[in-house]
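Peer 1: Below is a structure I'd like to ask you about.
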Amino acid sequence: MQVEIESEKGRKVKGELIKEYEHFYLIQLPNYRTTVSKSDILCGFAKINFLH
């Protein structure tokens, strides 16, 4: 599933959702993999949009 991530600094990047874990998402970006904490999303430090 394609996702778009936005950090609190306003940086946006698109990637592919690899796996959802209990506390975070594992996302493949163009050059590397990263994680996004679900608590950061709830606190507003990061935004994640699931693209169709």
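Note on naming: chains are A, B, ... as they come in the structure tokens, residues start from 1 per chain, ligands start from 1 in the order shown.
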Excluding Asn49 in chain A and any residue of its chain fewer than 5 positions from it, enumerate the residues within 8 Å of it, using only C-alpha atoms, and give them as a PDB file with N, CA, C and O atoms, in the first residue's frame.

Peer 2:
```pdb
ATOM      1  N   VAL A   3       1.926   5.034   0.795  1.00  0.00           N
ATOM      2  CA  VAL A   3       1.688   5.992   1.871  1.00  0.00           C
ATOM      3  C   VAL A   3       2.472   7.268   1.606  1.00  0.00           C
ATOM      4  O   VAL A   3       3.459   7.266   0.879  1.00  0.00           O
ATOM      5  N   GLU A   4       2.008   8.354   2.206  1.00  0.00           N
ATOM      6  CA  GLU A   4       2.726   9.626   2.187  1.00  0.00           C
ATOM      7  C   GLU A   4       2.931  10.034   3.636  1.00  0.00           C
ATOM      8  O   GLU A   4       1.982  10.083   4.408  1.00  0.00           O
ATOM      9  N   ILE A   5       4.178  10.318   4.002  1.00  0.00           N
ATOM     10  CA  ILE A   5       4.528  10.688   5.371  1.00  0.00           C
ATOM     11  C   ILE A   5       4.896  12.161   5.394  1.00  0.00           C
ATOM     12  O   ILE A   5       5.594  12.645   4.512  1.00  0.00           O
TER      13      ILE A   5
END
```

Peer 1: What does the distance between CA of Leu42 in chain A and CA of Lys19 in chain A come to in Å, to one decimal place?

Peer 2: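 About the pair CA of Leu42 in chain A and CA of Lys19 in chain A: they are 18.6 Å apart.
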
Peer 1: Skip Lys14 in chain A itself and residues of its chain fewer than 6 positions away, then list as a ChimeraX atom specification all residues within 12 Å of it, counting only C-alpha atoms.

Peer 2: /A:1-7,27-34,47-51

Peer 1: When you look at Tyr21 in chain A with a cut-off of 12 Å (counting only C-alpha atoms), what residues show up, excluding the ones that are within fewer than 3 positions of it in the same chain? I need them as a PyMOL selection string.

Peer 2: chain A and resi 17-18+24-27+35-38

Peer 1: Could you turn the residues from that selection into a file that holds all heavy atoms, as a PDB file, in the first residue's frame?

Peer 2:
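Output file selection27.pdb follows:
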```pdb
ATOM      1  N   LEU A  17       4.135   0.874   2.354  1.00  0.00           N
ATOM      2  CA  LEU A  17       3.968   0.258   3.670  1.00  0.00           C
ATOM      3  C   LEU A  17       4.381  -1.206   3.570  1.00  0.00           C
ATOM      4  O   LEU A  17       3.831  -1.965   2.771  1.00  0.00           O
ATOM      5  CB  LEU A  17       2.515   0.366   4.135  1.00  0.00           C
ATOM      6  CG  LEU A  17       2.186  -0.297   5.469  1.00  0.00           C
ATOM      7  CD1 LEU A  17       2.925   0.386   6.603  1.00  0.00           C
ATOM      8  CD2 LEU A  17       0.698  -0.283   5.720  1.00  0.00           C
ATOM      9  N   ILE A  18       5.386  -1.595   4.355  1.00  0.00           N
ATOM     10  CA  ILE A  18       5.879  -2.966   4.354  1.00  0.00           C
ATOM     11  C   ILE A  18       5.112  -3.811   5.363  1.00  0.00           C
ATOM     12  O   ILE A  18       4.633  -4.890   5.045  1.00  0.00           O
ATOM     13  CB  ILE A  18       7.397  -3.020   4.678  1.00  0.00           C
ATOM     14  CG1 ILE A  18       8.191  -2.195   3.663  1.00  0.00           C
ATOM     15  CG2 ILE A  18       7.900  -4.453   4.745  1.00  0.00           C
ATOM     16  CD1 ILE A  18       8.146  -2.701   2.254  1.00  0.00           C
ATOM     17  N   PHE A  24       4.298   0.625  15.681  1.00  0.00           N
ATOM     18  CA  PHE A  24       4.854   1.427  14.602  1.00  0.00           C
ATOM     19  C   PHE A  24       4.564   0.803  13.239  1.00  0.00           C
ATOM     20  O   PHE A  24       4.129  -0.339  13.145  1.00  0.00           O
ATOM     21  CB  PHE A  24       6.359   1.632  14.776  1.00  0.00           C
ATOM     22  CG  PHE A  24       7.174   0.362  14.765  1.00  0.00           C
ATOM     23  CD1 PHE A  24       7.683  -0.144  13.582  1.00  0.00           C
ATOM     24  CD2 PHE A  24       7.434  -0.327  15.935  1.00  0.00           C
ATOM     25  CE1 PHE A  24       8.425  -1.304  13.553  1.00  0.00           C
ATOM     26  CE2 PHE A  24       8.176  -1.487  15.927  1.00  0.00           C
ATOM     27  CZ  PHE A  24       8.675  -1.984  14.732  1.00  0.00           C
ATOM     28  N   TYR A  25       4.800   1.610  12.181  1.00  0.00           N
ATOM     29  CA  TYR A  25       4.697   1.156  10.795  1.00  0.00           C
ATOM     30  C   TYR A  25       6.105   1.065  10.210  1.00  0.00           C
ATOM     31  O   TYR A  25       6.928   1.942  10.447  1.00  0.00           O
ATOM     32  CB  TYR A  25       3.906   2.161   9.945  1.00  0.00           C
ATOM     33  CG  TYR A  25       2.463   2.306  10.341  1.00  0.00           C
ATOM     34  CD1 TYR A  25       2.030   3.411  11.059  1.00  0.00           C
ATOM     35  CD2 TYR A  25       1.521   1.361   9.968  1.00  0.00           C
ATOM     36  CE1 TYR A  25       0.703   3.566  11.413  1.00  0.00           C
ATOM     37  CE2 TYR A  25       0.185   1.505  10.316  1.00  0.00           C
ATOM     38  CZ  TYR A  25      -0.223   2.598  11.035  1.00  0.00           C
ATOM     39  OH  TYR A  25      -1.529   2.746  11.375  1.00  0.00           O
ATOM     40  N   LEU A  26       6.371   0.015   9.430  1.00  0.00           N
ATOM     41  CA  LEU A  26       7.622  -0.126   8.698  1.00  0.00           C
ATOM     42  C   LEU A  26       7.355   0.284   7.260  1.00  0.00           C
ATOM     43  O   LEU A  26       6.475  -0.269   6.598  1.00  0.00           O
ATOM     44  CB  LEU A  26       8.131  -1.569   8.748  1.00  0.00           C
ATOM     45  CG  LEU A  26       9.399  -1.876   7.952  1.00  0.00           C
ATOM     46  CD1 LEU A  26      10.577  -1.071   8.492  1.00  0.00           C
ATOM     47  CD2 LEU A  26       9.691  -3.363   7.989  1.00  0.00           C
ATOM     48  N   ILE A  27       8.105   1.280   6.768  1.00  0.00           N
ATOM     49  CA  ILE A  27       7.842   1.869   5.454  1.00  0.00           C
ATOM     50  C   ILE A  27       9.120   1.873   4.622  1.00  0.00           C
ATOM     51  O   ILE A  27      10.186   2.264   5.112  1.00  0.00           O
ATOM     52  CB  ILE A  27       7.296   3.303   5.612  1.00  0.00           C
ATOM     53  CG1 ILE A  27       5.981   3.254   6.382  1.00  0.00           C
ATOM     54  CG2 ILE A  27       7.118   3.976   4.261  1.00  0.00           C
ATOM     55  CD1 ILE A  27       5.467   4.573   6.837  1.00  0.00           C
ATOM     56  N   THR A  35      10.835   3.664  10.136  1.00  0.00           N
ATOM     57  CA  THR A  35       9.658   3.368  10.944  1.00  0.00           C
ATOM     58  C   THR A  35       8.991   4.670  11.353  1.00  0.00           C
ATOM     59  O   THR A  35       9.652   5.697  11.509  1.00  0.00           O
ATOM     60  CB  THR A  35      10.023   2.567  12.210  1.00  0.00           C
ATOM     61  OG1 THR A  35      10.940   3.315  12.989  1.00  0.00           O
ATOM     62  CG2 THR A  35      10.620   1.224  11.846  1.00  0.00           C
ATOM     63  N   VAL A  36       7.682   4.605  11.522  1.00  0.00           N
ATOM     64  CA  VAL A  36       6.907   5.740  12.023  1.00  0.00           C
ATOM     65  C   VAL A  36       6.137   5.238  13.231  1.00  0.00           C
ATOM     66  O   VAL A  36       5.337   4.300  13.126  1.00  0.00           O
ATOM     67  CB  VAL A  36       5.942   6.295  10.958  1.00  0.00           C
ATOM     68  CG1 VAL A  36       5.102   7.426  11.535  1.00  0.00           C
ATOM     69  CG2 VAL A  36       6.698   6.770   9.736  1.00  0.00           C
ATOM     70  N   SER A  37       6.391   5.835  14.363  1.00  0.00           N
ATOM     71  CA  SER A  37       5.743   5.447  15.613  1.00  0.00           C
ATOM     72  C   SER A  37       4.275   5.873  15.611  1.00  0.00           C
ATOM     73  O   SER A  37       3.948   6.992  15.237  1.00  0.00           O
ATOM     74  CB  SER A  37       6.473   6.099  16.780  1.00  0.00           C
ATOM     75  OG  SER A  37       5.752   5.938  17.972  1.00  0.00           O
ATOM     76  N   LYS A  38       3.411   4.975  16.043  1.00  0.00           N
ATOM     77  CA  LYS A  38       1.985   5.313  16.130  1.00  0.00           C
ATOM     78  C   LYS A  38       1.744   6.388  17.188  1.00  0.00           C
ATOM     79  O   LYS A  38       0.843   7.207  17.040  1.00  0.00           O
ATOM     80  CB  LYS A  38       1.167   4.057  16.428  1.00  0.00           C
ATOM     81  CG  LYS A  38       1.148   3.088  15.266  1.00  0.00           C
ATOM     82  CD  LYS A  38       0.308   1.875  15.569  1.00  0.00           C
ATOM     83  CE  LYS A  38       0.290   0.930  14.379  1.00  0.00           C
ATOM     84  NZ  LYS A  38      -0.524  -0.263  14.665  1.00  0.00           N
TER      85      LYS A  38
END
```

Peer 1: Let's see if you can do this: from backbone DSSP, list all strand (DSSP E or B) residues in chain A, as a ChimeraX atom specification.

Peer 2: /A:2-7,12-20,24-28,33-37,46-50

Peer 1: Run DSSP on the backbone of this structure and report the residues of chain A it assigns to helix (DSSP H, G or I), as a PyMOL selection string.

Peer 2: chain A and resi 38-43

Peer 1: So that I can see what lies close to Lys9 in chain A, please list as a list in words the residues with an atom at most 10 Å from it, counting only C-alpha atoms and leaving out residues fewer than 3 positions away in the same chain.

Peer 2: Glu6, Lys12, Phe45 and Ala46 of chain A
